[in-house]
Amino acid sequence: MTETVVREMEIKAGSTPSGAPGSVPATAATGPSMAGRKVRMESKKLNFSYGPKQALWDITLQIPEKTVTAFIGPSGCGKSTFLRCLNRMNDIIPDTRVVGDVLLDGNDIYGQGTDIVDLRRRVGMVFQKSNPFPKSIFENVAYGLKINGMSPRSEIPERVEKALRRAALWDEVKDRLETSAMGLSGGQQQRLCIARAVAVEPEVLLMDEPCSALDPIATTKVEELIFELKRDFTIVIVTHNMQQAARVSEFTAFFMLGRLVEHDRTEKLFTNPGQKITEDYITGRFG
Amino acid sequence: MNKTERRKALSGFVVFLCGAAVVVALIPLFLVFGYVISKGFSSLNWDFFTKMPKPVGETGGGMANAMVGTAYLILIAGAFAVPVGVIAGVYLSEYGKKSFSGLVRFTADVLNGVPSIVIGIFAYSLAVLPVKHFSALAGGLALGFMMIPIITRTTEELLNLVPGSLREGSLALGATRAKAAFSVMVPAALPGIMTGILVALARIAGETAPLLFTAFNNRYMTTSLLQPISSLPVQVYTYAVSPYEDWHRQAWAGALVLVGFVFTFSVLARVVTRRLERMHHT
């Protein structure tokens, strides 16, 4: 890896940098009760910067398993940056800096012994804009299986079918698996990308505004899909659509200017937010 | 003359100039094509493609050895220039932010502009002087050196056109940087890269200067790497400067075949590009 990720193991005391926006309340010390669920991922005092510009400040957040956690907040608030810290996708951006810990099942993913390839297999990702490879539908879904060499060749067709069924795409494409994925509609392409991510059986699935480029019908399909997938996967979704966050998630985290303002059970956060600024944002009385 | 009329007149004049420039640019092309075809076609026959050159004084014979030689030289050149060029292009595109790659890019551009005779001298000192005889290998090397910068730069430019989101998608599935580059980015850019390779082939197929003192020439059919080998451009040159009437006719025929060669590569480049693009994007 040639990416330059400068990492400091220790967080200096009082490291809260000057110039931090004062209008945002300090991060809530404790998150919501996880109601007995196991914590799959968590971040501890995570700070992130692009060059001199700090994008995340002391994010401490727990993500319980087999639930949907939604990240909401205005553009540029750091929710996508935080999401991309969870599978180290930010590593490929030069001149970035991570301070703090991100734990997957208790192990620090920014630690010395982390195999990034293994991490990204365990923490899959679906992007804002669907990005199918210019290959056949079959090859798209088989891609992760093949590069990880994780299953015998003979099992691949079976696993491709399973992934496509899970992404509710099988019936639409089963007769044209060998045709190019570029011929699918936008919504189908996005579900193909979900199938592709699901095929390698990740533990956590990160979704970065997966519906922002889709029409309402395709959006409904993807949301139904998320509802199904959370039985098997831990899902983290970034969304600009607050109705969507309310519909699909159990927990919601509200980000603002690079800080975690509030993190709570979704129905609590939307009906009885703990912070005034959260209420202003979700009711649209913002600014 | 009022303002509007003057404006219209000026506009008409500029359009006329543009048209005239196009005509001037096209005239040499048609003259060259027309001349080569009219002179060469009459000497072109089946023997020309299948027969070996006849000794001086005998009429007839052909350039079979030169055609095989040119194909062979192109094969040698492509065999090492294509992998080197493509991989260098991948490096520039995937890791192109560093100062070293800036140097590589600059070198490729300079190499692209170096006169072909200079490339020939380089290959001569590299592969002819040490072993003290001309060889097909030296000729192929010279032609390959000319292909590399073209292929490198086209590969880089076409990879830069592939959306970065594909790379991210691949990395997010657990691919390494290199795996993402070769399993997703390069296939996505393949139609363009193929065009680059074919354009490079078309460019070198007619090169004469670098072959004069590397591959040299050979009156006989050979496919040995270490023997001098004949090629169409050199054969055409040799025959054209000879004092024999029959050889002049054959030189014209050779020139026509050479033009046909290059033309075929160019057409092939377009066909392949279109076919691959259709395969990828529908």
# chains A, B, ... in the order shown; residues from 1 in each chain; ligands from 1
call {"tool": "closest_atom_pairs", "arguments": {"of": "chain B", "to": "chain A", "cutoff": "9 Å", "atoms": "only C-alpha atoms", "output": "CSV"}}
result
residue,atom,partner,partner_atom,distance
B:Tyr95,CA,A:Thr2,CA,8.9
B:Pro163,CA,A:Asn131,CA,8.7
B:Ser165,CA,A:Asn131,CA,6.1
B:Leu166,CA,A:Asn131,CA,5.8
B:Glu168,CA,A:Met89,CA,7.8
B:Gly169,CA,A:Asn131,CA,6.6
B:Ser170,CA,A:Gly144,CA,7.9
B:Leu171,CA,A:Arg120,CA,7.6
B:Ala172,CA,A:Arg120,CA,5.6
B:Leu173,CA,A:Gly144,CA,5.4
B:Gly174,CA,A:Val117,CA,4.4
B:Ala175,CA,A:Val117,CA,6.4
B:Thr176,CA,A:Val117,CA,6.8
B:Arg177,CA,A:Met1,CA,7.8
B:Lys179,CA,A:Ile147,CA,7.9
B:Val184,CA,A:Phe133,CA,6.7
B:Met185,CA,A:Phe133,CA,8.8
B:Pro187,CA,A:Pro134,CA,7.8
B:Ala188,CA,A:Pro134,CA,6.0
B:Met279,CA,A:Ser180,CA,7.3
B:His280,CA,A:Pro134,CA,5.5
B:His281,CA,A:Met182,CA,5.5
B:Thr282,CA,A:Gly183,CA,4.9
call {"tool": "write_last_selection", "arguments": {"atoms": "C-alpha atoms", "output": "mmCIF file, in the first residue's frame"}}
result
data_model
loop_
_atom_site.group_PDB
_atom_site.id
_atom_site.type_symbol
_atom_site.label_atom_id
_atom_site.label_comp_id
_atom_site.auth_asym_id
_atom_site.auth_seq_id
_atom_site.Cartn_x
_atom_site.Cartn_y
_atom_site.Cartn_z
ATOM 1 C CA TYR B 95 0.114 6.086 -9.327
ATOM 2 C CA PRO B 163 -14.669 6.595 -13.694
ATOM 3 C CA SER B 165 -15.929 4.895 -8.859
ATOM 4 C CA LEU B 166 -15.101 1.580 -10.560
ATOM 5 C CA GLU B 168 -13.492 2.202 -5.477
ATOM 6 C CA GLY B 169 -16.063 -0.501 -6.138
ATOM 7 C CA SER B 170 -13.310 -3.000 -6.713
ATOM 8 C CA LEU B 171 -11.283 -1.949 -3.678
ATOM 9 C CA ALA B 172 -14.405 -2.096 -1.522
ATOM 10 C CA LEU B 173 -14.762 -5.762 -2.453
ATOM 11 C CA GLY B 174 -11.305 -6.480 -1.120
ATOM 12 C CA ALA B 175 -9.199 -6.042 -4.261
ATOM 13 C CA THR B 176 -5.666 -4.738 -4.014
ATOM 14 C CA ARG B 177 -4.675 -1.647 -6.000
ATOM 15 C CA LYS B 179 -5.936 -6.188 -8.854
ATOM 16 C CA VAL B 184 -11.524 -3.612 -13.699
ATOM 17 C CA MET B 185 -9.819 -0.469 -14.966
ATOM 18 C CA PRO B 187 -10.783 -4.081 -19.189
ATOM 19 C CA ALA B 188 -12.985 -0.985 -19.027
ATOM 20 C CA MET B 279 -19.855 -5.416 -26.069
ATOM 21 C CA HIS B 280 -19.135 -3.346 -22.966
ATOM 22 C CA HIS B 281 -21.822 -0.760 -22.973
ATOM 23 C CA THR B 282 -25.062 -2.413 -24.010
#
call {"tool": "residues_around", "arguments": {"residues": "stretch 46-60 of chain A", "least_positions_apart": "5", "cutoff": "8 Å", "atoms": "only C-alpha atoms", "output": "list in words"}}
result
Thr16, Thr27, Cys77, Gly78, Thr81, Phe82, Asp95, Thr96, Arg97, Val98, Val99, Gly100, Asp101, Val102, Leu257, Gly258, Arg259 and Leu260 of chain A
call {"tool": "residues_around", "arguments": {"residues": "stretch 204-211 of chain B", "least_positions_apart": "5", "cutoff": "10 Å", "atoms": "only C-alpha atoms", "output": "MDAnalysis selection string"}}
result
chainID B and resid 70:71 73:74 77 115:124 134:136 138:147 198:199 216:217 229:237 255 258:259 261:262 265
call {"tool": "closest_atom_pairs", "arguments": {"of": "stretch 59-92 of chain A", "to": "stretch 226-229 of chain A", "cutoff": "10 Å", "atoms": "only C-alpha atoms", "output": "Markdown table"}}
result
| residue | atom | partner | partner_atom | distance |
| --- | --- | --- | --- | --- |
| A:Lys66 | CA | A:Leu229 | CA | 8.6 |
| A:Thr67 | CA | A:Phe227 | CA | 9.2 |
| A:Val68 | CA | A:Ile226 | CA | 8.1 |
call {"tool": "write_last_selection", "arguments": {"atoms": "N, CA and C atoms", "output": "compact mmCIF listing (two decimals), in the first residue's frame"}}
result
# COMPACT_ATOMS: atom_id res chain seq x y z
N LYS A 66 -26.83 -6.64 13.25
CA LYS A 66 -28.12 -6.99 12.66
C LYS A 66 -29.22 -5.96 12.91
N THR A 67 -28.81 -4.71 12.78
CA THR A 67 -29.76 -3.61 12.82
C THR A 67 -29.36 -2.66 11.70
N VAL A 68 -30.20 -1.67 11.48
CA VAL A 68 -29.84 -0.62 10.53
C VAL A 68 -29.57 0.65 11.33
call {"tool": "select_by_dssp", "arguments": {"residues": "stretch 152-207 of chain A", "states": "strand (DSSP E)", "output": "list of chain:residue names"}}
result
A:Val204, A:Leu205, A:Leu206, A:Met207
